[in-house]
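Asker: The structure file start.cif (mmCIF, C-alpha atoms and all ligand atoms) is provided below.
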```cif
data_entry
#
loop_
_atom_site.label_atom_id
_atom_site.label_comp_id
_atom_site.auth_asym_id
_atom_site.auth_seq_id
_atom_site.Cartn_x
_atom_site.Cartn_y
_atom_site.Cartn_z
CA MET A 794 98.34 26.53 381.00
CA VAL A 795 101.23 28.01 379.09
CA LYS A 796 103.37 30.99 380.07
CA LEU A 797 103.47 33.73 377.42
CA ASN A 798 106.54 35.89 376.74
CA ASN A 799 105.18 38.64 379.02
CA GLY A 800 104.69 36.24 381.97
CA VAL A 801 100.90 35.99 381.59
CA GLU A 802 99.52 32.44 381.81
CA MET A 803 97.06 31.26 379.19
CA PRO A 804 95.02 28.04 378.88
CA VAL A 805 96.28 25.76 376.10
CA PHE A 806 92.76 24.67 375.15
CA GLY A 807 89.75 26.81 374.35
CA VAL A 808 86.53 27.14 372.42
CA GLY A 809 86.46 28.79 368.99
CA CYS A 810 83.53 30.99 367.98
CA PHE A 811 83.83 31.31 364.20
CA ALA A 812 80.61 30.31 362.42
CA LEU A 813 78.89 29.70 365.74
CA PRO A 814 75.26 30.66 365.04
CA THR A 815 74.49 33.86 366.94
CA ILE A 816 71.35 32.39 368.41
CA GLN A 817 73.30 29.48 369.96
CA THR A 818 76.41 31.35 371.04
CA ALA A 819 75.40 32.28 374.60
CA ASP A 820 74.24 28.71 375.31
CA VAL A 821 77.44 27.19 373.88
CA ILE A 822 79.70 29.54 375.85
CA ASP A 823 77.69 28.98 379.04
CA PHE A 824 77.91 25.19 378.55
CA ALA A 825 81.64 25.26 377.69
CA LEU A 826 82.51 27.37 380.75
CA ARG A 827 80.44 25.19 383.07
CA ASN A 828 82.36 22.20 381.75
CA GLY A 829 85.92 23.30 382.22
CA TYR A 830 86.72 25.58 379.29
CA ARG A 831 88.42 28.80 380.34
CA LEU A 832 89.72 30.17 377.01
CA ILE A 833 87.31 31.76 374.53
CA ASP A 834 88.37 32.79 371.03
CA THR A 835 86.08 35.23 369.25
CA ALA A 836 86.48 38.21 366.91
CA LYS A 837 84.66 41.36 365.96
CA ASN A 838 84.26 39.83 362.50
CA TYR A 839 82.41 36.75 363.86
CA GLY A 840 79.51 39.00 364.85
CA ASN A 841 78.92 37.25 368.18
CA GLU A 842 80.88 39.21 370.81
CA LYS A 843 77.66 40.32 372.51
CA GLU A 844 76.38 36.73 372.77
CA VAL A 845 79.78 35.54 374.02
CA GLY A 846 79.46 38.15 376.79
CA GLU A 847 75.97 36.89 377.63
CA GLY A 848 77.26 33.32 377.90
CA ILE A 849 80.05 34.46 380.24
CA VAL A 850 77.58 36.17 382.57
CA ARG A 851 75.19 33.23 382.50
CA SER A 852 77.93 30.72 383.36
CA GLY A 853 78.69 32.47 386.65
CA VAL A 854 82.41 31.75 386.21
CA LYS A 855 84.53 34.47 387.80
CA ARG A 856 86.06 36.90 385.31
CA SER A 857 89.52 36.40 386.81
CA GLU A 858 89.36 32.69 385.88
CA LEU A 859 88.66 33.40 382.22
CA PHE A 860 90.92 34.13 379.30
CA VAL A 861 89.02 36.02 376.61
CA THR A 862 90.50 36.70 373.17
CA THR A 863 88.99 38.88 370.49
CA LYS A 864 90.44 40.29 367.27
CA LEU A 865 90.67 43.63 365.54
CA TRP A 866 89.17 43.42 362.07
CA ILE A 867 91.17 44.74 359.08
CA GLU A 868 88.60 47.41 358.25
CA ASP A 869 89.37 48.93 361.66
CA PHE A 870 93.13 49.14 361.05
CA GLY A 871 94.83 52.50 361.71
CA TYR A 872 95.62 53.91 365.17
CA ASP A 873 92.44 55.86 365.98
CA GLU A 874 90.21 53.34 364.24
CA ALA A 875 91.72 50.54 366.34
CA MET A 876 91.19 52.47 369.57
CA ARG A 877 87.52 52.96 368.76
CA ALA A 878 87.05 49.35 367.62
CA PHE A 879 88.60 48.10 370.87
CA ASP A 880 86.07 50.09 372.91
CA ARG A 881 83.22 48.71 370.82
CA SER A 882 84.43 45.11 371.25
CA LEU A 883 84.88 45.51 374.99
CA GLN A 884 81.43 47.00 375.30
CA ALA A 885 79.85 44.23 373.19
CA LEU A 886 81.56 41.59 375.35
CA GLY A 887 80.46 43.40 378.51
CA LEU A 888 84.02 43.32 379.89
CA ASP A 889 86.26 45.99 381.34
CA TYR A 890 89.52 44.45 380.15
CA LEU A 891 90.60 41.87 377.59
CA ASP A 892 93.05 39.04 378.12
CA LEU A 893 94.30 38.94 374.54
CA TYR A 894 93.72 41.19 371.54
CA LEU A 895 94.95 40.12 368.11
CA LEU A 896 95.33 41.79 364.72
CA HIS A 897 93.08 39.43 362.76
CA TRP A 898 95.15 39.43 359.53
CA PRO A 899 98.11 41.35 358.21
CA VAL A 900 97.26 43.60 355.27
CA PRO A 901 100.43 43.35 353.17
CA THR A 902 99.19 45.88 350.59
CA ASP A 903 98.87 48.52 353.36
CA PHE A 904 101.29 47.40 356.05
CA LYS A 905 101.54 50.95 357.41
CA LYS A 906 97.95 50.65 358.64
CA THR A 907 98.72 47.22 360.08
CA LEU A 908 101.59 48.79 362.04
CA ALA A 909 99.44 51.72 363.18
CA ALA A 910 96.81 49.27 364.44
CA TYR A 911 99.46 47.32 366.37
CA LYS A 912 100.72 50.56 367.93
CA ALA A 913 97.19 51.14 369.23
CA LEU A 914 97.32 47.64 370.78
CA GLU A 915 100.66 48.55 372.39
CA LYS A 916 99.09 51.65 373.94
CA LEU A 917 96.09 49.67 375.23
CA TYR A 918 98.51 47.12 376.67
CA ALA A 919 100.59 49.84 378.35
CA ASP A 920 97.35 51.25 379.82
CA LYS A 921 96.58 47.77 381.21
CA ARG A 922 93.34 47.45 379.28
CA ILE A 923 94.65 44.25 377.67
CA ARG A 924 96.81 41.62 379.42
CA ALA A 925 98.55 40.48 376.23
CA ILE A 926 98.68 41.43 372.55
CA GLY A 927 99.37 39.36 369.49
CA VAL A 928 98.70 38.74 365.83
CA SER A 929 97.01 36.26 363.55
CA ASN A 930 97.84 34.93 360.11
CA PHE A 931 101.27 36.59 360.05
CA GLN A 932 103.96 35.02 357.87
CA PRO A 933 107.60 35.15 359.09
CA ALA A 934 108.30 38.24 356.93
CA HIS A 935 105.28 40.04 358.43
CA LEU A 936 106.49 39.20 361.93
CA ARG A 937 109.97 40.53 361.15
CA GLN A 938 108.54 43.74 359.68
CA LEU A 939 106.27 44.15 362.71
CA MET A 940 109.02 43.58 365.26
CA ASP A 941 111.40 45.93 363.42
CA ASN A 942 108.89 48.75 363.72
CA THR A 943 107.22 48.24 367.12
CA ASP A 944 108.26 47.62 370.73
CA VAL A 945 106.16 44.77 372.12
CA VAL A 946 106.85 41.28 370.75
CA PRO A 947 103.49 39.58 370.06
CA VAL A 948 102.76 36.85 372.61
CA LEU A 949 101.38 34.57 369.92
CA ASN A 950 100.47 34.19 366.27
CA GLN A 951 97.17 32.44 365.58
CA VAL A 952 97.40 30.65 362.22
CA GLU A 953 95.74 27.94 360.19
CA LEU A 954 97.38 24.74 361.38
CA HIS A 955 96.40 21.07 361.24
CA PRO A 956 98.12 17.85 360.13
CA TYR A 957 97.47 18.63 356.42
CA PHE A 958 99.09 22.06 356.87
CA SER A 959 101.48 21.75 359.75
CA GLN A 960 103.47 24.97 359.20
CA GLN A 961 106.74 23.61 360.52
CA ALA A 962 108.86 26.53 359.26
CA LEU A 963 106.50 29.07 360.79
CA ARG A 964 106.49 27.21 364.12
CA GLN A 965 110.28 27.24 364.10
CA ALA A 966 110.27 31.00 363.43
CA HIS A 967 107.88 31.45 366.38
CA ASP A 968 110.24 29.45 368.63
CA ARG A 969 113.16 31.69 367.64
CA TYR A 970 111.16 34.83 368.46
CA GLY A 971 109.58 33.55 371.71
CA ILE A 972 106.12 33.66 370.15
CA LYS A 973 103.58 30.91 370.90
CA THR A 974 101.68 29.19 368.10
CA GLU A 975 97.91 29.05 368.29
CA SER A 976 96.20 26.73 365.77
CA TRP A 977 93.02 27.79 364.02
CA SER A 978 90.92 25.17 362.25
CA PRO A 979 92.87 22.65 364.34
CA ILE A 980 90.69 19.73 363.23
CA GLY A 981 90.39 20.96 359.65
CA GLY A 982 87.11 22.87 360.01
CA VAL A 983 88.13 25.30 357.26
CA PHE A 984 87.68 22.52 354.68
CA VAL A 985 84.03 22.31 355.79
CA THR A 986 83.20 26.00 356.28
CA LEU A 987 85.15 27.35 353.30
CA PRO A 988 85.63 24.45 350.86
CA LYS A 989 87.68 25.54 347.87
CA ASP A 990 86.10 22.83 345.73
CA PRO A 991 82.82 21.49 347.21
CA THR A 992 82.92 18.59 344.74
CA ARG A 993 86.18 17.33 346.27
CA PRO A 994 85.71 17.50 350.05
CA VAL A 995 88.78 17.26 352.28
CA ARG A 996 88.09 15.23 355.41
CA LEU A 997 91.04 15.28 357.78
CA LEU A 998 89.11 13.42 360.49
CA GLU A 999 88.54 10.51 358.08
CA ASP A 1000 92.21 10.15 357.20
CA PRO A 1001 93.19 6.48 357.73
CA VAL A 1002 96.21 7.45 359.87
CA VAL A 1003 94.04 9.55 362.19
CA VAL A 1004 91.27 6.93 362.30
CA GLY A 1005 93.81 4.15 363.00
CA LEU A 1006 95.28 6.05 365.95
CA ALA A 1007 91.77 6.82 367.23
CA GLN A 1008 90.94 3.11 367.26
CA LYS A 1009 94.24 2.23 368.92
CA HIS A 1010 93.81 4.79 371.73
CA ARG A 1011 89.99 4.41 371.98
CA LYS A 1012 89.68 8.12 371.33
CA SER A 1013 87.86 10.10 368.65
CA ALA A 1014 89.64 11.29 365.50
CA ALA A 1015 89.27 14.88 366.74
CA GLN A 1016 90.88 13.98 370.09
CA ILE A 1017 93.88 12.43 368.31
CA VAL A 1018 94.43 15.55 366.20
CA LEU A 1019 93.92 17.92 369.14
CA ARG A 1020 96.40 15.93 371.22
CA TRP A 1021 98.93 16.18 368.34
CA HIS A 1022 98.63 19.99 368.54
CA THR A 1023 99.15 20.21 372.28
CA GLN A 1024 102.12 17.81 372.17
CA HIS A 1025 103.65 20.17 369.60
CA GLY A 1026 103.19 23.02 372.11
CA CYS A 1027 100.38 24.67 370.14
CA ILE A 1028 97.37 26.30 371.77
CA VAL A 1029 94.10 24.95 370.28
CA ILE A 1030 90.63 26.43 369.94
CA PRO A 1031 88.32 23.91 368.21
CA LYS A 1032 84.78 25.10 367.56
CA SER A 1033 81.68 23.02 368.11
CA GLN A 1034 78.07 23.88 368.64
CA HIS A 1035 77.36 20.33 369.85
CA TYR A 1036 77.61 19.75 373.58
CA GLU A 1037 78.87 16.16 373.36
CA ARG A 1038 81.70 17.32 371.06
CA LEU A 1039 82.58 20.22 373.34
CA LEU A 1040 82.97 17.69 376.15
CA SER A 1041 84.96 15.11 374.20
CA ASN A 1042 87.21 17.59 372.37
CA ILE A 1043 88.71 18.87 375.61
CA ASP A 1044 89.10 15.36 377.07
CA ILE A 1045 92.63 14.83 375.72
CA PHE A 1046 94.76 15.11 378.81
CA ASP A 1047 94.64 11.44 379.84
CA PHE A 1048 96.72 9.91 377.04
CA THR A 1049 99.95 10.51 375.14
CA LEU A 1050 100.89 9.97 371.52
CA GLY A 1051 104.22 8.20 371.15
CA ALA A 1052 107.09 9.62 369.08
CA ASP A 1053 106.27 7.25 366.18
CA GLU A 1054 102.60 8.27 366.32
CA MET A 1055 103.50 11.96 366.31
CA ALA A 1056 105.78 11.28 363.34
CA ALA A 1057 102.96 9.48 361.50
CA LEU A 1058 100.70 12.50 361.98
CA ASP A 1059 103.54 14.87 360.99
CA GLY A 1060 103.85 12.80 357.83
CA LEU A 1061 100.33 13.79 356.75
CA ASP A 1062 101.49 17.31 355.89
CA ARG A 1063 100.47 18.14 352.31
CA ASP A 1064 101.05 21.89 352.56
CA LEU A 1065 97.29 22.12 352.02
CA ARG A 1066 96.09 25.55 353.09
CA GLY A 1067 92.30 25.63 353.37
CA GLY A 1068 91.91 29.34 354.16
CA PRO A 1069 93.09 32.50 352.42
CA ASP A 1070 96.76 33.15 351.70
CA PRO A 1071 97.87 35.88 354.14
CA GLU A 1072 100.11 37.40 351.44
CA LEU A 1073 97.01 38.17 349.39
CA PHE A 1074 94.58 39.20 352.11
CA ASP A 1075 92.87 42.57 352.19
CA VAL A 1076 89.33 43.98 352.29
CA PRO A 1077 88.44 43.19 348.62
CA ALA A 1078 89.83 39.66 348.97
CA PHE A 1079 87.72 39.15 352.09
CA ARG A 1080 84.59 40.45 350.34
CA ALA A 1081 85.17 38.04 347.48
CA ILE A 1082 85.29 35.15 349.97
CA VAL A 1083 82.03 36.27 351.58
CA GLU A 1084 80.38 36.46 348.16
CA ARG A 1085 81.67 32.99 347.27
CA ARG A 1086 80.25 31.58 350.52
CA ARG A 1087 76.90 33.26 349.93
CA ALA A 1088 76.72 31.86 346.42
CA GLY A 1089 77.75 28.42 347.74
CA VAL A 1090 80.59 28.04 345.23
N1 LIG B 1101 92.36 33.92 363.06
C1 LIG B 1101 91.69 33.48 362.04
O1 LIG B 1101 91.78 34.00 360.90
C2 LIG B 1101 90.77 32.33 362.22
C3 LIG B 1101 90.21 31.69 361.09
C4 LIG B 1101 89.36 30.60 361.32
C5 LIG B 1101 89.10 30.17 362.61
N2 LIG B 1101 89.63 30.85 363.68
C6 LIG B 1101 89.35 30.43 365.09
O2 LIG B 1101 89.65 29.05 365.23
C7 LIG B 1101 88.49 28.36 365.70
C8 LIG B 1101 88.49 26.93 365.21
O3 LIG B 1101 88.57 26.87 363.79
P1 LIG B 1101 87.34 26.41 362.86
O4 LIG B 1101 86.09 26.69 363.57
O5 LIG B 1101 87.55 27.00 361.53
O6 LIG B 1101 87.58 24.86 362.67
P2 LIG B 1101 87.75 23.59 363.62
O7 LIG B 1101 87.66 23.94 365.04
O8 LIG B 1101 88.97 22.87 363.11
O9 LIG B 1101 86.52 22.69 363.18
C9 LIG B 1101 85.20 23.07 363.43
C10 LIG B 1101 84.31 22.10 362.65
O10 LIG B 1101 84.51 20.78 363.12
C11 LIG B 1101 83.28 20.26 363.64
N3 LIG B 1101 83.63 19.51 364.85
C12 LIG B 1101 83.93 20.00 366.08
N4 LIG B 1101 84.22 18.99 366.92
C13 LIG B 1101 84.12 17.85 366.22
C14 LIG B 1101 84.28 16.49 366.53
N5 LIG B 1101 84.64 16.10 367.75
N6 LIG B 1101 84.08 15.57 365.55
C15 LIG B 1101 83.73 15.95 364.30
N7 LIG B 1101 83.56 17.24 363.94
C16 LIG B 1101 83.75 18.18 364.89
C17 LIG B 1101 82.40 21.46 363.89
O11 LIG B 1101 81.05 21.14 363.72
P3 LIG B 1101 79.94 21.36 364.88
O12 LIG B 1101 80.05 22.79 365.33
O13 LIG B 1101 78.68 21.07 364.14
O14 LIG B 1101 80.25 20.37 365.95
C18 LIG B 1101 82.87 22.43 362.80
O15 LIG B 1101 82.24 22.11 361.55
C19 LIG B 1101 87.35 29.22 365.14
O16 LIG B 1101 86.11 28.90 365.71
C20 LIG B 1101 87.87 30.59 365.44
O17 LIG B 1101 87.70 30.91 366.80
C21 LIG B 1101 90.48 31.89 363.49
#
```
Please re-express this file's structure in structure tokens.
Ligand SMILES: NC(=O)c1ccc[n+]([C@@H]2O[C@H](COP(=O)([O-])OP(=O)(O)OC[C@H]3O[C@@H](n4cnc5c(N)ncnc54)[C@H](OP(=O)(O)O)[C@@H]3O)[C@@H](O)[C@H]2O)c1

Answerer:
Amino acid sequence: MVKLNNGVEMPVFGVGCFALPTIQTADVIDFALRNGYRLIDTAKNYGNEKEVGEGIVRSGVKRSELFVTTKLWIEDFGYDEAMRAFDRSLQALGLDYLDLYLLHWPVPTDFKKTLAAYKALEKLYADKRIRAIGVSNFQPAHLRQLMDNTDVVPVLNQVELHPYFSQQALRQAHDRYGIKTESWSPIGGVFVTLPKDPTRPVRLLEDPVVVGLAQKHRKSAAQIVLRWHTQHGCIVIPKSQHYERLLSNIDIFDFTLGADEMAALDGLDRDLRGGPDPELFDVPAFRAIVERRRAGV
């Protein structure tokens, strides 16, 4: 567990729900919760909040033991729009409060709407309908602009982060502001789900440094990378729809990477962003990505 800047405690390890097939989602969530996971990361935009809610009910795990995150999609930015979207998400999840609600992306071309959406989150937080509020994909300048214009410091910023894109400067900015870092695509999944050039695949888990450490510690490549995140103080939310991977991914709390091993993994940074550039993200940019995925290019 990690203590957030508002005193709320949050698990450092969870299950991600992006690209989880809707038909499998309830089973995966049920399985994950029965096997020790307590943090769930979903989003309105993933289209599986309802199935996440079904998995929660099926697992029988008490609501008070869970930490459920969902995200406000950019098309729902604006104060009133955000309020309505929150109600829809809560209803889809079948919950009566959320643990963490995030702005999914900043929209730099219309930051006023981004601010208005965050103000809705502040109101929901004040009304105790959410235990903590935060952001995702914010660059340091977006964080500064947000904090200059609102009252509640986000508890965390969920960003693309893995050894090929280790975001050291952003992590340092988070530390200065008292904001936790949460890593999305922690094991490099974005290179699989959204390859920029399918003819030149990027395979973080096959990197010789990662594989070498996996052999040395008798762990999987994914476990090595996930351990690197947690030793850097990052919260991780790897996604898998395979039960054996869900079990092994979370089994990283029985070994430690030494300082030289952490440095070797730090040395893999290539500033290689797999996902969209937050400076350029808005609704048309998102639609172009969806089209590209559909066309398989
Ligand atoms: N805020 C944002 O904008 C944003 C963007 C992207 C993601 N996210 C969140 O972050 C979560 C994680 O990111 P992600 O799903 O993009 O990528 P990820 O967790 O880094 O990687 C997921 C990929 O790795 C595979 N995998 C999982 N465990 C493995 C293992 N032990 N060995 C080999 N392969 C393994 C999965 O395949 P199988 O499922 O087939 O096992 C899947 O293809 C998402 O699910 C979502 O909740 C947030």

Asker: With all atoms listed in the file as the basis for distance, which of A:Val900, A:Ile1043, A:Leu1006, A:Leu997 is at the shortest distance from Leu832 in chain A?

Answerer: A:Ile1043

Asker: Please compute the CA of Ile849 in chain A-CA of Asp820 in chain A distance, one decimal, in Å.

Answerer: 9.5 Å

Asker: Could you please extract the residues within 6 Å of ligand LIG 1101 (chain B), counting all atoms listed in the file, and hand them back as a list of chain:residue names?

Answerer: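 Listed by chain and ascending number, the contacts are A:Gly809, A:Cys810, A:Phe811, A:Asp834, A:Thr835, A:His897, A:Ser929, A:Gln951, A:Trp977, A:Ser978, A:Pro979, A:Ile980, A:Gly981, A:Gly982, A:Val983, A:Ala1015, A:Ile1030, A:Pro1031, A:Lys1032, A:Ser1033, A:Gln1034, A:His1035, A:Arg1038, A:Asn1042.
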
Asker: Excluding Gln817 in chain A and residues on its chain fewer than 2 positions from it, collect all residues at most 12 Å away from it, counting only C-alpha atoms, and give them as a tab-separated table (two decimals) with C-alpha atoms, in the frame of the given file.

Answerer:
```
chain	number	residue	atom	x	y	z
A	810	CYS	CA	83.53	30.99	367.98
A	812	ALA	CA	80.61	30.31	362.42
A	813	LEU	CA	78.89	29.70	365.74
A	814	PRO	CA	75.26	30.66	365.04
A	815	THR	CA	74.49	33.86	366.94
A	819	ALA	CA	75.40	32.28	374.60
A	820	ASP	CA	74.24	28.71	375.31
A	821	VAL	CA	77.44	27.19	373.88
A	822	ILE	CA	79.70	29.54	375.85
A	823	ASP	CA	77.69	28.98	379.04
A	824	PHE	CA	77.91	25.19	378.55
A	841	ASN	CA	78.92	37.25	368.18
A	843	LYS	CA	77.66	40.32	372.51
A	844	GLU	CA	76.38	36.73	372.77
A	845	VAL	CA	79.78	35.54	374.02
A	847	GLU	CA	75.97	36.89	377.63
A	848	GLY	CA	77.26	33.32	377.90
A	1033	SER	CA	81.68	23.02	368.11
A	1034	GLN	CA	78.07	23.88	368.64
A	1035	HIS	CA	77.36	20.33	369.85
A	1036	TYR	CA	77.61	19.75	373.58
```

Asker: So the first atom is CA of Val854 in chain A and the second is CA of Met803 in chain A; what is the distance between them in Å, to one decimal place?

Answerer: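 CA of Met803 in chain A lies 16.3 Å from CA of Val854 in chain A.
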
Asker: My list of candidates is A:Leu886, A:Leu859, A:Ala875, A:Ala925. Which is closest to Lys912 in chain A when distances are computed with all atoms listed in the file?

Answerer: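 That would be A:Ala875, the residue with the smallest distance to Lys912 in chain A.
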
Asker: Mind listing as a list in words all residues within 10 Å of (95.0, 39.5, 365.3), counting only C-alpha atoms?

Answerer: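 Every residue inside that radius is included here: Ala836, Thr862, Thr863, Lys864, Leu865, Trp866, Ile867, Leu893, Tyr894, Leu895, Leu896, His897, Trp898, Pro899, Ala910, Tyr911, Ile926, Gly927, Val928, Ser929, Asn930, Phe931, Pro947, Leu949, Asn950, Gln951 and Val952 of chain A.
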
Asker: Centre and edge lengths, as AutoDock Vina command-line options, for the axis-aligned box enclosing every listed atom of range 808-820 of chain A with 6 Å of padding on each of the six sides, in Å to one decimal?

Answerer:
```
--center_x 78.9 --center_y 30.5 --center_z 368.9 --size_x 27.2 --size_y 18.7 --size_z 24.9
```

Asker: Taking all atoms listed in the file into account, name the residue in A:Arg877, A:Arg1085, A:His935, A:Arg1063 that is nearest to Leu954 in chain A.

Answerer: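 Of all the options, A:Arg1063 lies closest to Leu954 in chain A.
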
Asker: Record the distance separating CA of Ile1045 in chain A and CA of Arg1020 in chain A, expressed in Å with one decimal.

Answerer: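 Result for CA of Ile1045 in chain A versus CA of Arg1020 in chain A: 6.0 Å, one decimal.
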
Asker: Using all atoms listed in the file for the distances, tell me which of A:Arg1087, A:Arg924, A:Arg993, A:Lys796 is nearest to Ile972 in chain A.

Answerer: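 That would be A:Lys796, the residue with the smallest distance to Ile972 in chain A.
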
Asker: Smallest atom-to-atom distance to Glu975 in chain A: which of A:Cys1027, A:Leu1061, A:Ala878, A:Leu797, using only C-alpha atoms?

Answerer: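 Among A:Cys1027, A:Leu1061, A:Ala878, A:Leu797, it is A:Cys1027 that comes nearest to Glu975 in chain A.
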
Asker: A:His1025, A:Pro933, A:Phe879, A:Tyr890: which is nearest Arg969 in chain A, counting all atoms listed in the file?

Answerer: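 Among A:His1025, A:Pro933, A:Phe879, A:Tyr890, it is A:Pro933 that comes nearest to Arg969 in chain A.
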
Asker: Near Tyr970 in chain A, counting only C-alpha atoms, which residues have an atom at most 10 Å away, once you skip same-chain residues fewer than 5 positions from it, shown as a compact mmCIF listing (two decimals) with C-alpha atoms, in the frame of the given file?

Answerer:
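Just written: result_0.txt:
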```
# COMPACT_ATOMS: atom_id res chain seq x y z
CA ASN A 798 106.54 35.89 376.74
CA LEU A 936 106.49 39.20 361.93
CA ARG A 937 109.97 40.53 361.15
CA MET A 940 109.02 43.58 365.26
CA VAL A 946 106.85 41.28 370.75
CA PRO A 947 103.49 39.58 370.06
CA VAL A 948 102.76 36.85 372.61
CA LEU A 949 101.38 34.57 369.92
CA ARG A 964 106.49 27.21 364.12
CA GLN A 965 110.28 27.24 364.10
```

Asker: Starting from the sparse input, extend range 985-999 of chain A to N, CA, C and O atoms and give the output as a JSON list (two decimals), keeping the file's coordinate frame.

Answerer:
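So result-v6.json came out as:
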```
[["chain", "number", "residue", "atom", "x", "y", "z"],
["A", 985, "VAL", "N", 85.49, 22.46, 355.76],
["A", 985, "VAL", "CA", 84.03, 22.31, 355.79],
["A", 985, "VAL", "C", 83.37, 23.67, 355.60],
["A", 985, "VAL", "O", 82.44, 23.83, 354.80],
["A", 986, "THR", "N", 83.86, 24.69, 356.32],
["A", 986, "THR", "CA", 83.20, 26.00, 356.28],
["A", 986, "THR", "C", 83.55, 26.79, 355.02],
["A", 986, "THR", "O", 82.75, 27.60, 354.57],
["A", 987, "LEU", "N", 84.73, 26.59, 354.48],
["A", 987, "LEU", "CA", 85.15, 27.35, 353.30],
["A", 987, "LEU", "C", 85.75, 26.42, 352.24],
["A", 987, "LEU", "O", 86.90, 26.60, 351.83],
["A", 988, "PRO", "N", 85.00, 25.40, 351.80],
["A", 988, "PRO", "CA", 85.63, 24.45, 350.86],
["A", 988, "PRO", "C", 86.00, 25.15, 349.56],
["A", 988, "PRO", "O", 85.20, 25.87, 348.99],
["A", 989, "LYS", "N", 87.25, 24.91, 349.13],
["A", 989, "LYS", "CA", 87.68, 25.54, 347.87],
["A", 989, "LYS", "C", 87.00, 24.88, 346.69],
["A", 989, "LYS", "O", 86.65, 25.53, 345.73],
["A", 990, "ASP", "N", 86.79, 23.56, 346.80],
["A", 990, "ASP", "CA", 86.10, 22.83, 345.73],
["A", 990, "ASP", "C", 85.10, 21.88, 346.39],
["A", 990, "ASP", "O", 85.46, 20.77, 346.81],
["A", 991, "PRO", "N", 83.81, 22.31, 346.50],
["A", 991, "PRO", "CA", 82.82, 21.49, 347.21],
["A", 991, "PRO", "C", 82.65, 20.11, 346.61],
["A", 991, "PRO", "O", 82.14, 19.20, 347.28],
["A", 992, "THR", "N", 83.08, 19.91, 345.35],
["A", 992, "THR", "CA", 82.92, 18.59, 344.74],
["A", 992, "THR", "C", 84.03, 17.63, 345.17],
["A", 992, "THR", "O", 83.97, 16.43, 344.92],
["A", 993, "ARG", "N", 85.08, 18.19, 345.80],
["A", 993, "ARG", "CA", 86.18, 17.33, 346.27],
["A", 993, "ARG", "C", 86.46, 17.64, 347.74],
["A", 993, "ARG", "O", 87.42, 18.31, 348.07],
["A", 994, "PRO", "N", 85.56, 17.17, 348.63],
["A", 994, "PRO", "CA", 85.71, 17.50, 350.05],
["A", 994, "PRO", "C", 87.01, 16.95, 350.65],
["A", 994, "PRO", "O", 87.46, 15.87, 350.27],
["A", 995, "VAL", "N", 87.58, 17.70, 351.56],
["A", 995, "VAL", "CA", 88.78, 17.26, 352.28],
["A", 995, "VAL", "C", 88.33, 16.90, 353.69],
["A", 995, "VAL", "O", 87.75, 17.74, 354.38],
["A", 996, "ARG", "N", 88.58, 15.67, 354.11],
["A", 996, "ARG", "CA", 88.09, 15.23, 355.41],
["A", 996, "ARG", "C", 89.24, 14.71, 356.26],
["A", 996, "ARG", "O", 89.51, 13.51, 356.29],
["A", 997, "LEU", "N", 89.90, 15.65, 356.94],
["A", 997, "LEU", "CA", 91.04, 15.28, 357.78],
["A", 997, "LEU", "C", 90.67, 14.21, 358.81],
["A", 997, "LEU", "O", 91.44, 13.28, 359.05],
["A", 998, "LEU", "N", 89.47, 14.34, 359.41],
["A", 998, "LEU", "CA", 89.11, 13.42, 360.49],
["A", 998, "LEU", "C", 88.79, 12.01, 359.97],
["A", 998, "LEU", "O", 88.59, 11.10, 360.76],
["A", 999, "GLU", "N", 88.74, 11.85, 358.65],
["A", 999, "GLU", "CA", 88.54, 10.51, 358.08],
["A", 999, "GLU", "C", 89.83, 9.95, 357.52],
["A", 999, "GLU", "O", 89.83, 8.87, 356.90]]
```
